[in-house]
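Below is start.cif, which holds mmCIF, C-alpha atoms.
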data_model
loop_
_atom_site.group_PDB
_atom_site.id
_atom_site.type_symbol
_atom_site.label_atom_id
_atom_site.label_comp_id
_atom_site.auth_asym_id
_atom_site.auth_seq_id
_atom_site.Cartn_x
_atom_site.Cartn_y
_atom_site.Cartn_z
ATOM 1 C CA LEU A 234 122.044 -292.597 -13.232
ATOM 2 C CA LEU A 235 125.044 -290.285 -13.384
ATOM 3 C CA GLY A 236 123.726 -288.387 -16.390
ATOM 4 C CA LEU A 237 120.306 -288.009 -14.799
ATOM 5 C CA GLY A 238 121.935 -286.837 -11.573
ATOM 6 C CA GLN A 239 123.956 -284.240 -13.486
ATOM 7 C CA LEU A 240 120.823 -283.042 -15.279
ATOM 8 C CA CYS A 241 118.979 -282.691 -11.967
ATOM 9 C CA LEU A 242 121.929 -280.760 -10.553
ATOM 10 C CA ALA A 243 122.047 -278.430 -13.583
ATOM 11 C CA GLU A 244 118.313 -277.793 -13.235
ATOM 12 C CA GLY A 245 118.655 -276.993 -9.518
ATOM 13 C CA MET A 246 116.930 -280.168 -8.320
ATOM 14 C CA TRP A 247 119.549 -280.895 -5.657
ATOM 15 C CA ASP A 248 117.453 -283.312 -3.583
ATOM 16 C CA GLU A 249 116.706 -285.442 -6.628
ATOM 17 C CA SER A 250 120.360 -285.374 -7.656
ATOM 18 C CA SER A 251 121.457 -286.400 -4.149
ATOM 19 C CA SER A 252 118.993 -289.270 -4.205
ATOM 20 C CA LEU A 253 120.467 -290.491 -7.482
ATOM 21 C CA VAL A 254 123.955 -290.272 -5.950
ATOM 22 C CA ASP A 255 122.840 -292.741 -3.285
ATOM 23 C CA GLU A 256 121.784 -295.154 -6.035
ATOM 24 C CA ILE A 257 125.086 -294.702 -7.883
ATOM 25 C CA VAL A 258 127.031 -295.452 -4.691
ATOM 26 C CA THR A 259 125.005 -298.605 -4.034
ATOM 27 C CA VAL A 260 125.562 -299.933 -7.564
ATOM 28 C CA ALA A 261 129.242 -298.911 -7.600
ATOM 29 C CA HIS A 262 129.971 -300.608 -4.273
ATOM 30 C CA ARG A 263 128.438 -303.852 -5.552
ATOM 31 C CA GLY A 264 130.677 -303.825 -8.597
ATOM 32 C CA GLY A 265 133.752 -302.306 -6.965
ATOM 33 C CA ASP A 266 133.661 -299.518 -9.538
ATOM 34 C CA ARG A 267 136.106 -296.821 -8.335
ATOM 35 C CA ARG A 268 135.332 -294.416 -11.190
ATOM 36 C CA SER A 269 131.602 -294.490 -10.405
ATOM 37 C CA LEU A 270 132.344 -293.860 -6.729
ATOM 38 C CA GLN A 271 134.480 -290.874 -7.742
ATOM 39 C CA ASN A 272 131.703 -289.576 -9.989
ATOM 40 C CA ALA A 273 129.199 -290.021 -7.171
ATOM 41 C CA ALA A 274 131.454 -288.046 -4.814
ATOM 42 C CA ARG A 275 131.832 -285.328 -7.460
ATOM 43 C CA LEU A 276 128.100 -285.065 -7.972
ATOM 44 C CA ARG A 277 127.368 -285.124 -4.222
ATOM 45 C CA ALA A 278 129.962 -282.390 -3.639
ATOM 46 C CA GLU A 279 128.417 -280.191 -6.316
ATOM 47 C CA CYS A 280 124.964 -280.727 -4.781
ATOM 48 C CA ASP A 281 126.187 -279.904 -1.281
ATOM 49 C CA LEU A 282 128.094 -276.836 -2.477
ATOM 50 C CA GLN A 283 125.156 -275.514 -4.496
ATOM 51 C CA ALA A 284 122.813 -276.142 -1.565
ATOM 52 C CA GLY A 285 125.113 -274.259 0.839
ATOM 53 C CA HIS A 286 126.504 -277.219 2.790
ATOM 54 C CA PRO A 287 130.286 -276.965 2.265
ATOM 55 C CA GLU A 288 131.002 -278.429 5.696
ATOM 56 C CA GLU A 289 129.821 -281.836 4.451
ATOM 57 C CA VAL A 290 132.189 -282.029 1.486
ATOM 58 C CA PRO A 291 135.625 -282.729 3.041
ATOM 59 C CA GLY A 292 134.211 -285.643 5.047
ATOM 60 C CA TYR A 293 133.541 -287.786 1.983
ATOM 61 C CA LEU A 294 135.722 -286.134 -0.660
ATOM 62 C CA ILE A 295 139.037 -286.481 1.177
ATOM 63 C CA PRO A 296 138.647 -290.275 1.648
ATOM 64 C CA VAL A 297 137.798 -290.652 -2.067
ATOM 65 C CA LEU A 298 140.879 -288.616 -2.972
ATOM 66 C CA ASP A 299 143.012 -290.641 -0.547
ATOM 67 C CA ARG A 300 141.939 -293.876 -2.284
ATOM 68 C CA ALA A 301 142.356 -292.458 -5.798
ATOM 69 C CA ASP A 302 145.284 -293.099 -8.043
ATOM 70 C CA GLU A 303 146.790 -289.672 -8.743
ATOM 71 C CA GLU A 304 146.496 -290.468 -12.458
ATOM 72 C CA ASP A 305 142.722 -290.953 -12.244
ATOM 73 C CA MET A 306 141.024 -288.596 -14.666
ATOM 74 C CA LEU A 307 138.610 -287.162 -12.080
ATOM 75 C CA VAL A 308 141.216 -286.295 -9.416
ATOM 76 C CA PRO A 309 141.691 -282.683 -10.628
ATOM 77 C CA TRP A 310 137.928 -282.126 -10.624
ATOM 78 C CA LEU A 311 137.563 -283.653 -7.152
ATOM 79 C CA ARG A 312 140.421 -281.484 -5.857
ATOM 80 C CA SER A 313 138.805 -278.366 -7.294
ATOM 81 C CA LEU A 314 135.528 -279.207 -5.549
ATOM 82 C CA LEU A 315 137.444 -279.572 -2.296
ATOM 83 C CA ALA A 316 138.940 -276.114 -2.973
ATOM 84 C CA TRP A 317 135.444 -274.680 -3.475
ATOM 85 C CA ALA A 318 134.341 -276.139 -0.137
ATOM 86 C CA GLN A 319 137.464 -274.793 1.562
ATOM 87 C CA ALA A 320 136.769 -271.312 0.159
ATOM 88 C CA GLN A 321 133.159 -271.418 1.327
ATOM 89 C CA LEU A 322 134.446 -272.379 4.773
ATOM 90 C CA GLY A 323 136.716 -269.308 4.772
ATOM 91 C CA GLU A 324 139.986 -271.209 4.256
ATOM 92 C CA PHE A 325 141.055 -269.001 1.347
ATOM 93 C CA THR A 326 144.799 -269.695 1.325
ATOM 94 C CA ILE A 327 144.331 -273.463 1.444
ATOM 95 C CA ALA A 328 141.543 -273.223 -1.143
ATOM 96 C CA ALA A 329 143.719 -271.223 -3.545
ATOM 97 C CA ASP A 330 146.530 -273.781 -3.227
ATOM 98 C CA THR A 331 144.150 -276.702 -3.750
ATOM 99 C CA ALA A 332 142.576 -275.028 -6.798
ATOM 100 C CA LYS A 333 146.002 -274.259 -8.255
ATOM 101 C CA GLN A 334 147.014 -277.933 -7.861
ATOM 102 C CA ALA A 335 143.790 -279.039 -9.565
ATOM 103 C CA VAL A 336 144.344 -276.711 -12.524
ATOM 104 C CA GLY A 337 147.945 -277.866 -12.870
ATOM 105 C CA MET A 338 146.898 -281.516 -12.828
ATOM 106 C CA ALA A 339 144.195 -280.959 -15.459
ATOM 107 C CA ARG A 340 146.642 -279.044 -17.666
ATOM 108 C CA ASP A 341 149.363 -281.684 -17.302
ATOM 109 C CA ARG A 342 146.921 -284.412 -18.331
ATOM 110 C CA GLU A 343 145.484 -282.310 -21.144
ATOM 111 C CA HIS A 344 141.920 -282.954 -19.962
ATOM 112 C CA GLN A 345 140.381 -279.903 -21.639
ATOM 113 C CA PHE A 346 136.804 -280.716 -20.614
ATOM 114 C CA ILE A 347 137.781 -281.112 -16.971
ATOM 115 C CA LEU A 348 140.128 -278.122 -17.163
ATOM 116 C CA VAL A 349 137.201 -275.852 -18.088
ATOM 117 C CA ASP A 350 135.268 -276.927 -14.991
ATOM 118 C CA VAL A 351 138.347 -276.719 -12.779
ATOM 119 C CA LEU A 352 139.031 -273.176 -14.045
ATOM 120 C CA HIS A 353 135.422 -272.257 -13.250
ATOM 121 C CA ILE A 354 135.942 -273.381 -9.675
ATOM 122 C CA GLN A 355 139.336 -271.670 -9.458
ATOM 123 C CA ALA A 356 137.613 -268.450 -10.535
ATOM 124 C CA MET A 357 134.953 -268.842 -7.843
ATOM 125 C CA VAL A 358 137.614 -269.495 -5.196
ATOM 126 C CA ALA A 359 139.538 -266.393 -6.285
ATOM 127 C CA LEU A 360 136.333 -264.345 -6.319
ATOM 128 C CA GLN A 361 135.491 -265.405 -2.756
ATOM 129 C CA ALA A 362 139.022 -264.427 -1.687
ATOM 130 C CA THR A 363 138.660 -261.059 -3.497
ATOM 131 C CA CYS A 364 141.573 -261.874 -5.807
ATOM 132 C CA TRP A 365 140.119 -260.106 -8.834
ATOM 133 C CA LYS A 366 143.035 -260.591 -11.260
ATOM 134 C CA GLU A 367 143.258 -264.324 -10.577
ATOM 135 C CA ALA A 368 139.494 -264.711 -10.962
ATOM 136 C CA ALA A 369 139.462 -262.824 -14.273
ATOM 137 C CA ALA A 370 142.412 -264.822 -15.627
ATOM 138 C CA ALA A 371 140.739 -268.152 -14.795
ATOM 139 C CA ILE A 372 137.449 -266.971 -16.313
ATOM 140 C CA GLU A 373 139.092 -265.762 -19.541
ATOM 141 C CA GLU A 374 141.025 -268.997 -20.000
ATOM 142 C CA GLY A 375 137.940 -271.060 -19.217
ATOM 143 C CA LEU A 376 135.769 -269.076 -21.630
ATOM 144 C CA ALA A 377 138.275 -269.498 -24.446
ATOM 145 C CA LEU A 378 138.326 -273.254 -23.886
ATOM 146 C CA ALA A 379 134.552 -273.581 -23.468
ATOM 147 C CA GLN A 380 133.871 -271.628 -26.659
ATOM 148 C CA SER A 381 136.397 -273.640 -28.654
ATOM 149 C CA MET A 382 134.847 -277.020 -27.716
ATOM 150 C CA PRO A 383 131.918 -275.850 -27.672
ATOM 151 C CA TYR A 384 130.728 -276.404 -24.096
ATOM 152 C CA PRO A 385 127.857 -273.918 -23.586
ATOM 153 C CA TYR A 386 126.953 -275.024 -20.038
ATOM 154 C CA ALA A 387 130.492 -274.265 -18.834
ATOM 155 C CA GLU A 388 130.488 -271.028 -20.827
ATOM 156 C CA GLY A 389 127.280 -269.935 -19.103
ATOM 157 C CA ARG A 390 128.663 -270.813 -15.680
ATOM 158 C CA LEU A 391 131.860 -268.870 -16.375
ATOM 159 C CA LEU A 392 129.882 -265.854 -17.610
ATOM 160 C CA HIS A 393 127.829 -266.013 -14.417
ATOM 161 C CA VAL A 394 131.007 -265.885 -12.314
ATOM 162 C CA TYR A 395 132.250 -263.042 -14.518
ATOM 163 C CA GLY A 396 129.049 -261.141 -13.777
ATOM 164 C CA ARG A 397 129.513 -261.746 -10.050
ATOM 165 C CA LEU A 398 133.105 -260.510 -10.338
ATOM 166 C CA HIS A 399 131.962 -257.287 -12.004
ATOM 167 C CA LEU A 400 129.304 -256.805 -9.323
ATOM 168 C CA ALA A 401 131.892 -257.273 -6.576
ATOM 169 C CA LYS A 402 134.054 -254.631 -8.250
ATOM 170 C CA GLY A 403 131.109 -252.202 -8.541
ATOM 171 C CA GLU A 404 130.873 -252.523 -12.328
ATOM 172 C CA ALA A 405 127.115 -252.858 -12.650
ATOM 173 C CA GLU A 406 126.847 -252.363 -16.416
ATOM 174 C CA LEU A 407 129.507 -254.990 -17.211
ATOM 175 C CA ALA A 408 127.908 -257.326 -14.664
ATOM 176 C CA HIS A 409 124.533 -256.940 -16.359
ATOM 177 C CA THR A 410 126.041 -257.711 -19.774
ATOM 178 C CA ARG A 411 127.791 -260.872 -18.531
ATOM 179 C CA LEU A 412 124.772 -262.101 -16.577
ATOM 180 C CA GLU A 413 122.446 -261.516 -19.539
ATOM 181 C CA ALA A 414 124.815 -263.520 -21.769
ATOM 182 C CA ALA A 415 124.856 -266.346 -19.211
ATOM 183 C CA LEU A 416 121.077 -266.319 -18.958
ATOM 184 C CA ALA A 417 120.717 -266.471 -22.748
ATOM 185 C CA ILE A 418 122.917 -269.582 -22.823
ATOM 186 C CA PHE A 419 120.994 -271.251 -20.003
ATOM 187 C CA ARG A 420 117.657 -270.489 -21.628
ATOM 188 C CA ARG A 421 118.902 -271.988 -24.880
#
Output the file's structure in the form of structure tokens.
Amino acid sequence: LLGLGQLCLAEGMWDESSSLVDEIVTVAHRGGDRRSLQNAARLRAECDLQAGHPEEVPGYLIPVLDRADEEDMLVPWLRSLLAWAQAQLGEFTIAADTAKQAVGMARDREHQFILVDVLHIQAMVALQATCWKEAAAAIEEGLALAQSMPYPYAEGRLLHVYGRLHLAKGEAELAHTRLEAALAIFRR
């Protein structure tokens, strides 16, 4: 269910992904599976954020984080999603701090796969706060990691944010190059 939900999310089918989250939660509650509940919260947060509903995210993500063991693998990812919601709600200082914590946690645990996604979110938070240098640094680090794995979906997402960064800075030609590279990855 989780994999199908992630696929639906990646393909922009947010309603279908949200519906699958409900099924994951039902199954996870029956079995007392904390990791599945964390994954469901992660997937729901991504759906809500992509669909433009950041106000929903803290209400279910904070309780999941409160119940999590700080050593749980998904905690950095969940924290970064909370940072993304905070940034979309205009809480840029809090969002930057939350994103920085998430990146630090992922680095400390050497979770490279999660670190790439956390860096992507840190870049988006910095972009929303118009912190160009921080956004570019997170993107560059994330791209280097994504390309070394390889993790093309993350690479495409980071290139997309890079394109948005260039657009925000008035660099249309660079933006076009980055966005075309992202689109080529997504088409592939």
- Give the answer as one residue: which of A:Leu253, A:Val258, A:Met306, A:Ala328 has the shortest atom-to-atom distance to Pro291 in chain A, using only C-alpha atoms? A:Ala328
- Note on the structure: Correct to one decimal, the distance CA of Leu376 in chain A-CA of Leu398 in chain A is 14.4 Å
Got a sec to resolve the PyMOL selection byres ((chain A and resi 355) around 8) on this structure and send the residues as a compact mmCIF listing (two decimals) with C-alpha atoms, in the coordinates of the input?
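Printed below is expr_8.txt as written:
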# COMPACT_ATOMS: atom_id res chain seq x y z
CA SER A 313 138.80 -278.37 -7.29
CA ALA A 316 138.94 -276.11 -2.97
CA TRP A 317 135.44 -274.68 -3.48
CA ALA A 329 143.72 -271.22 -3.54
CA ALA A 332 142.58 -275.03 -6.80
CA LYS A 333 146.00 -274.26 -8.26
CA VAL A 336 144.34 -276.71 -12.52
CA VAL A 351 138.35 -276.72 -12.78
CA LEU A 352 139.03 -273.18 -14.04
CA HIS A 353 135.42 -272.26 -13.25
CA ILE A 354 135.94 -273.38 -9.68
CA ALA A 356 137.61 -268.45 -10.54
CA MET A 357 134.95 -268.84 -7.84
CA VAL A 358 137.61 -269.50 -5.20
CA ALA A 359 139.54 -266.39 -6.28
CA ALA A 368 139.49 -264.71 -10.96
CA ALA A 371 140.74 -268.15 -14.80
- Compile the contact shell of Ala284 in chain A as a ChimeraX atom specification: residues with an atom at most 12 Å away, counting only C-alpha atoms, same-chain residues fewer than 4 positions apart removed. /A:242,245-248,250-251,277-280,288-290,318,321
- Item | Interatomic distance, CA of Gln380 in chain A to CA of Phe419 in chain A (Å, one decimal) | 14.5 Å
So that all listed atoms of range 354-361 of chain A fit with 3 Å spare on each side, what axis-aligned box centre and edge lengths in Å, to one decimal, would you give as lines of an AutoDock Vina configuration file?
center_x = 137.2
center_y = -268.9
center_z = -6.6
size_x = 10.6
size_y = 15.0
size_z = 13.8
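Using all atoms listed in the file, the smallest distance between any of A:Ala301, A:Leu315, A:Leu400, A:Ile418 and Pro287 in chain A comes from A:Leu315.
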- Task: Would you kindly translate the PyMOL selection byres ((chain A and resi 402) around 12) into the concrete residues it picks from this file, as number ranges by chain?
- Result: A: 360, 363-366, 368-369, 395-401, 403-408
- Item | Selection result of the PyMOL selection byres ((chain A and resi 273) around 8) on this file, as an NGL selection string | :A and (235 or 254-255 or 257-258 or 269-272 or 274-277)
- Task: State, in Å with one decimal place, the distance from CA of Val394 in chain A to CA of Arg342 in chain A.
- Result: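 These atoms are spaced 25.2 Å apart.
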- Would you kindly return, as a list in words, each protein, DNA or RNA residue with an atom no farther than 12 Å from any atom of Arg420 in chain A, considering only C-alpha atoms and excluding same-chain residues fewer than 5 positions away?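 Counting only C-alpha atoms, the residues come to Glu244, Pro385, Tyr386, Gly389, Glu413, Ala414 and Ala415 of chain A.
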